[in-house]
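Below is the file structure_34.txt, which contains compact mmCIF, N, CA and C atoms.
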# COMPACT_ATOMS: atom_id res chain seq x y z
N MET B 1 9.58 -21.66 10.58
CA MET B 1 9.37 -20.29 10.15
C MET B 1 8.06 -19.79 10.75
N GLU B 2 8.10 -18.63 11.36
CA GLU B 2 6.91 -18.05 11.96
C GLU B 2 6.13 -17.26 10.91
N ARG B 3 4.84 -17.45 10.87
CA ARG B 3 3.98 -16.77 9.90
C ARG B 3 3.43 -15.48 10.50
N TYR B 4 3.09 -14.55 9.62
CA TYR B 4 2.52 -13.27 10.05
C TYR B 4 1.29 -13.50 10.91
N SER B 5 0.48 -14.47 10.54
CA SER B 5 -0.75 -14.76 11.28
C SER B 5 -0.47 -15.19 12.71
N GLN B 6 0.70 -15.78 12.95
CA GLN B 6 1.05 -16.18 14.32
C GLN B 6 1.49 -14.96 15.12
N ILE B 7 2.12 -14.00 14.47
CA ILE B 7 2.63 -12.82 15.15
C ILE B 7 1.51 -11.90 15.60
N VAL B 8 0.55 -11.60 14.73
CA VAL B 8 -0.52 -10.65 15.07
C VAL B 8 -1.77 -11.32 15.62
N ARG B 9 -1.72 -12.59 15.81
CA ARG B 9 -2.83 -13.34 16.40
C ARG B 9 -4.14 -13.16 15.64
N LEU B 10 -4.14 -13.62 14.42
CA LEU B 10 -5.33 -13.54 13.59
C LEU B 10 -6.32 -14.66 13.89
N GLY B 11 -6.02 -15.45 14.88
CA GLY B 11 -6.88 -16.58 15.20
C GLY B 11 -7.75 -16.36 16.42
N ILE B 12 -8.78 -17.19 16.49
CA ILE B 12 -9.70 -17.21 17.63
C ILE B 12 -9.42 -18.49 18.41
N GLY B 13 -9.14 -18.35 19.68
CA GLY B 13 -8.91 -19.52 20.51
C GLY B 13 -7.44 -19.87 20.63
N LYS B 14 -7.19 -21.04 21.21
CA LYS B 14 -5.83 -21.50 21.48
C LYS B 14 -5.53 -22.73 20.65
N GLY B 15 -4.29 -23.16 20.74
CA GLY B 15 -3.88 -24.36 20.04
C GLY B 15 -3.01 -24.04 18.85
N SER B 16 -2.56 -25.08 18.16
CA SER B 16 -1.65 -24.90 17.03
C SER B 16 -2.37 -24.53 15.74
N LYS B 17 -3.68 -24.72 15.67
CA LYS B 17 -4.43 -24.39 14.46
C LYS B 17 -5.70 -23.62 14.81
N PRO B 18 -5.56 -22.35 15.29
CA PRO B 18 -6.78 -21.60 15.61
C PRO B 18 -7.53 -21.19 14.34
N VAL B 19 -8.82 -20.99 14.50
CA VAL B 19 -9.68 -20.55 13.41
C VAL B 19 -9.39 -19.08 13.14
N ILE B 20 -9.44 -18.67 11.87
CA ILE B 20 -9.18 -17.28 11.48
C ILE B 20 -10.27 -16.36 12.03
N ALA B 21 -9.83 -15.24 12.59
CA ALA B 21 -10.75 -14.18 13.03
C ALA B 21 -10.98 -13.28 11.82
N HIS B 22 -12.07 -13.52 11.09
CA HIS B 22 -12.31 -12.82 9.82
C HIS B 22 -12.46 -11.31 10.00
N LYS B 23 -12.90 -10.85 11.15
CA LYS B 23 -12.99 -9.41 11.38
C LYS B 23 -11.61 -8.77 11.43
N LYS B 24 -10.62 -9.49 11.90
CA LYS B 24 -9.26 -8.97 11.97
C LYS B 24 -8.55 -9.02 10.62
N ILE B 25 -8.77 -10.07 9.87
CA ILE B 25 -8.02 -10.25 8.62
C ILE B 25 -8.38 -9.18 7.58
N ASP B 26 -9.53 -8.55 7.73
CA ASP B 26 -9.91 -7.47 6.81
C ASP B 26 -8.95 -6.29 6.86
N TYR B 27 -8.21 -6.14 7.95
CA TYR B 27 -7.23 -5.06 8.08
C TYR B 27 -5.95 -5.33 7.30
N PHE B 28 -5.83 -6.52 6.74
CA PHE B 28 -4.61 -6.92 6.04
C PHE B 28 -4.95 -7.42 4.64
N PRO B 29 -5.26 -6.52 3.70
CA PRO B 29 -5.69 -6.95 2.36
C PRO B 29 -4.59 -7.61 1.53
N PHE B 30 -3.38 -7.65 2.03
CA PHE B 30 -2.27 -8.29 1.33
C PHE B 30 -2.11 -9.75 1.74
N LEU B 31 -3.00 -10.24 2.58
CA LEU B 31 -2.96 -11.64 3.01
C LEU B 31 -4.04 -12.44 2.29
N ASN B 32 -3.74 -13.68 2.01
CA ASN B 32 -4.67 -14.61 1.40
C ASN B 32 -5.25 -15.47 2.52
N ASN B 33 -6.55 -15.51 2.63
CA ASN B 33 -7.18 -16.32 3.69
C ASN B 33 -8.06 -17.40 3.10
N LYS B 34 -7.56 -18.14 2.14
CA LYS B 34 -8.31 -19.24 1.56
C LYS B 34 -8.21 -20.47 2.45
N GLY B 35 -9.05 -20.48 3.43
CA GLY B 35 -9.08 -21.56 4.40
C GLY B 35 -9.71 -21.05 5.67
N GLU B 36 -9.81 -21.87 6.64
CA GLU B 36 -10.46 -21.48 7.89
C GLU B 36 -9.50 -21.40 9.07
N PHE B 37 -8.24 -21.79 8.87
CA PHE B 37 -7.28 -21.80 9.97
C PHE B 37 -6.14 -20.82 9.69
N THR B 38 -5.49 -20.33 10.75
CA THR B 38 -4.41 -19.37 10.57
C THR B 38 -3.24 -19.95 9.78
N ARG B 39 -3.07 -21.23 9.78
CA ARG B 39 -2.02 -21.87 8.97
C ARG B 39 -2.31 -21.75 7.48
N ASP B 40 -3.54 -21.38 7.11
CA ASP B 40 -3.93 -21.22 5.71
C ASP B 40 -3.72 -19.80 5.20
N VAL B 41 -3.10 -18.93 6.01
CA VAL B 41 -2.91 -17.53 5.64
C VAL B 41 -1.51 -17.34 5.06
N PHE B 42 -1.44 -16.71 3.86
CA PHE B 42 -0.16 -16.46 3.20
C PHE B 42 -0.15 -15.06 2.60
N TYR B 43 1.06 -14.52 2.41
CA TYR B 43 1.21 -13.24 1.72
C TYR B 43 0.85 -13.41 0.26
N MET B 44 0.24 -12.39 -0.34
CA MET B 44 -0.06 -12.39 -1.77
C MET B 44 0.97 -11.49 -2.46
N TYR B 45 2.19 -11.96 -2.54
CA TYR B 45 3.29 -11.17 -3.10
C TYR B 45 3.01 -10.71 -4.52
N SER B 46 2.53 -11.59 -5.36
CA SER B 46 2.41 -11.27 -6.78
C SER B 46 1.34 -10.22 -7.09
N VAL B 47 0.33 -10.08 -6.27
CA VAL B 47 -0.74 -9.12 -6.56
C VAL B 47 -0.80 -7.95 -5.59
N ALA B 48 -0.13 -8.03 -4.44
CA ALA B 48 -0.30 -7.01 -3.41
C ALA B 48 0.93 -6.16 -3.14
N THR B 49 2.09 -6.58 -3.60
CA THR B 49 3.32 -5.85 -3.27
C THR B 49 3.41 -4.55 -4.06
N TYR B 50 3.72 -3.47 -3.37
CA TYR B 50 3.90 -2.13 -3.96
C TYR B 50 2.65 -1.63 -4.67
N GLN B 51 1.49 -2.03 -4.21
CA GLN B 51 0.21 -1.60 -4.75
C GLN B 51 -0.56 -0.83 -3.68
N GLU B 52 -1.29 0.19 -4.05
CA GLU B 52 -2.18 0.86 -3.11
C GLU B 52 -3.39 -0.03 -2.90
N LEU B 53 -3.60 -0.46 -1.66
CA LEU B 53 -4.70 -1.36 -1.34
C LEU B 53 -5.70 -0.67 -0.43
N HIS B 54 -6.96 -0.97 -0.60
CA HIS B 54 -8.01 -0.40 0.25
C HIS B 54 -8.27 -1.36 1.41
N VAL B 55 -8.35 -0.79 2.60
CA VAL B 55 -8.57 -1.58 3.80
C VAL B 55 -10.06 -1.58 4.11
N ASN B 56 -10.64 -2.76 4.21
CA ASN B 56 -12.06 -2.91 4.53
C ASN B 56 -12.23 -2.73 6.03
N THR B 57 -12.56 -1.51 6.44
CA THR B 57 -12.64 -1.18 7.86
C THR B 57 -14.03 -0.70 8.23
N PRO B 58 -14.66 -1.32 9.21
CA PRO B 58 -15.97 -0.86 9.67
C PRO B 58 -15.89 0.60 10.11
N GLY B 59 -16.86 1.39 9.68
CA GLY B 59 -16.86 2.82 10.02
C GLY B 59 -16.19 3.70 8.99
N TYR B 60 -15.50 3.08 8.03
CA TYR B 60 -14.84 3.83 6.97
C TYR B 60 -15.24 3.25 5.62
N ALA B 61 -16.51 3.27 5.32
CA ALA B 61 -17.04 2.65 4.11
C ALA B 61 -16.61 3.35 2.84
N ASP B 62 -16.14 4.60 2.95
CA ASP B 62 -15.75 5.34 1.75
C ASP B 62 -14.37 4.95 1.23
N GLY B 63 -13.72 3.99 1.84
CA GLY B 63 -12.41 3.54 1.37
C GLY B 63 -11.29 4.50 1.71
N SER B 64 -11.48 5.31 2.74
CA SER B 64 -10.49 6.32 3.05
C SER B 64 -9.23 5.76 3.71
N ILE B 65 -9.25 4.53 4.17
CA ILE B 65 -8.05 3.93 4.74
C ILE B 65 -7.42 3.04 3.67
N LYS B 66 -6.15 3.30 3.43
CA LYS B 66 -5.41 2.56 2.42
C LYS B 66 -4.12 2.05 3.04
N CYS B 67 -3.49 1.10 2.37
CA CYS B 67 -2.19 0.61 2.82
C CYS B 67 -1.36 0.19 1.62
N MET B 68 -0.07 0.00 1.87
CA MET B 68 0.83 -0.52 0.86
C MET B 68 1.77 -1.50 1.53
N PHE B 69 1.87 -2.68 0.96
CA PHE B 69 2.73 -3.75 1.46
C PHE B 69 4.05 -3.66 0.72
N LEU B 70 5.15 -3.56 1.46
CA LEU B 70 6.48 -3.44 0.88
C LEU B 70 7.32 -4.65 1.29
N GLY B 71 7.76 -5.40 0.31
CA GLY B 71 8.59 -6.55 0.60
C GLY B 71 8.42 -7.61 -0.47
N SER B 72 9.36 -8.52 -0.50
CA SER B 72 9.29 -9.64 -1.44
C SER B 72 9.48 -10.94 -0.68
N GLU B 73 9.26 -12.02 -1.35
CA GLU B 73 9.32 -13.33 -0.71
C GLU B 73 10.71 -13.63 -0.15
N GLU B 74 11.73 -13.08 -0.77
CA GLU B 74 13.10 -13.32 -0.33
C GLU B 74 13.51 -12.47 0.87
N ASP B 75 12.76 -11.41 1.17
CA ASP B 75 13.10 -10.49 2.26
C ASP B 75 12.87 -11.12 3.63
N LYS B 76 13.68 -10.72 4.57
CA LYS B 76 13.51 -11.13 5.96
C LYS B 76 12.60 -10.17 6.71
N PHE B 77 12.39 -9.00 6.17
CA PHE B 77 11.65 -7.94 6.84
C PHE B 77 10.63 -7.34 5.87
N HIS B 78 9.39 -7.19 6.31
CA HIS B 78 8.34 -6.60 5.50
C HIS B 78 7.80 -5.36 6.21
N ILE B 79 7.30 -4.42 5.42
CA ILE B 79 6.73 -3.20 5.98
C ILE B 79 5.35 -2.99 5.36
N VAL B 80 4.41 -2.54 6.17
CA VAL B 80 3.11 -2.13 5.67
C VAL B 80 2.88 -0.71 6.14
N ILE B 81 2.52 0.15 5.22
CA ILE B 81 2.23 1.55 5.55
C ILE B 81 0.73 1.75 5.40
N TYR B 82 0.11 2.31 6.43
CA TYR B 82 -1.32 2.62 6.40
C TYR B 82 -1.47 4.14 6.38
N TRP B 83 -2.44 4.62 5.61
CA TRP B 83 -2.77 6.06 5.61
C TRP B 83 -4.23 6.28 5.37
Encoded form (structure tokens):
Amino acid sequence: MERYSQIVRLGIGKGSKPVIAHKKIDYFPFLNNKGEFTRDVFYMYSVATYQELHVNTPGYADGSIKCMFLGSEEDKFHIVIYW
């Protein structure tokens, strides 16, 4: 199974276990990054699904960028809307 972190390249460097690029992961507040490697990244379905989330983005300190994660663990397809 391919993980979201593998698709958007949240890692720094090459290999099967790249280190998480913490500057990038801030754009995805629905992901759990408890660890230092991209294999440690998981969706936070129980707390982030269908919730308005604030995106921690440099240059937008007022919280004006938000997103909503749509999908459940059983779904094959997930959607994130940013505004």
For each of B:Lys66, B:His78, B:Gly71, B:Glu36, take the minimum atom-to-atom distance to Ala48 in chain B, counting only N, CA and C atoms, then give the residue where this is smallest. B:Gly71
So which residues touch Phe28 in chain B within 8 Å, counting only N, CA and C atoms, skipping near sequence neighbours fewer than 6 positions away, as a list in words? His54, Val55 and Asn56 of chain B
Can you pull out the residues contacting Glu73 in chain B? Cut-off 10 Å, using only C-alpha atoms, and skip same-chain residues under 6 positions away; I want them as a PyMOL selection string. chain B and resi 43-46+49
Straight-line distance linking atom C of Gly59 in chain B with CA of Val8 in chain B, stated in Å to one decimal: 22.1 Å
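Comparing B:Trp83, B:Lys17, B:Gln51, B:Thr57 by their smallest distance to Phe69 in chain B, the closest is B:Gln51 (using all atoms listed in the file).
Between CA of Asn33 in chain B and CA of Tyr50 in chain B there is a distance of 19.6 Å.
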Using only N, CA and C atoms, can you list as a ChimeraX atom specification the residues within 6.5 Å of (-4.1, -19.5, 14.1)? /B:5-6,10-12,16-20,37-39
Which residues in chain B does DSSP call helix (DSSP H, G or I)? List them as an NGL selection string. :B and (4-7 or 22-25 or 38-40 or 45-48)
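Taking CA of Asp26 in chain B and CA of Lys76 in chain B as endpoints, the distance between them is 23.7 Å.
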Among range 21-82 of chain B, which residues carry a DSSP assignment of strand (DSSP E or B), reported as a ChimeraX atom specification? /B:31-32,37,42-43,49,52-54,66-70,79-82
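Comparing B:Lys24, B:Asp40, B:Ile65, B:Lys34 by their smallest distance to Glu52 in chain B, the closest is B:Ile65 (using only C-alpha atoms).
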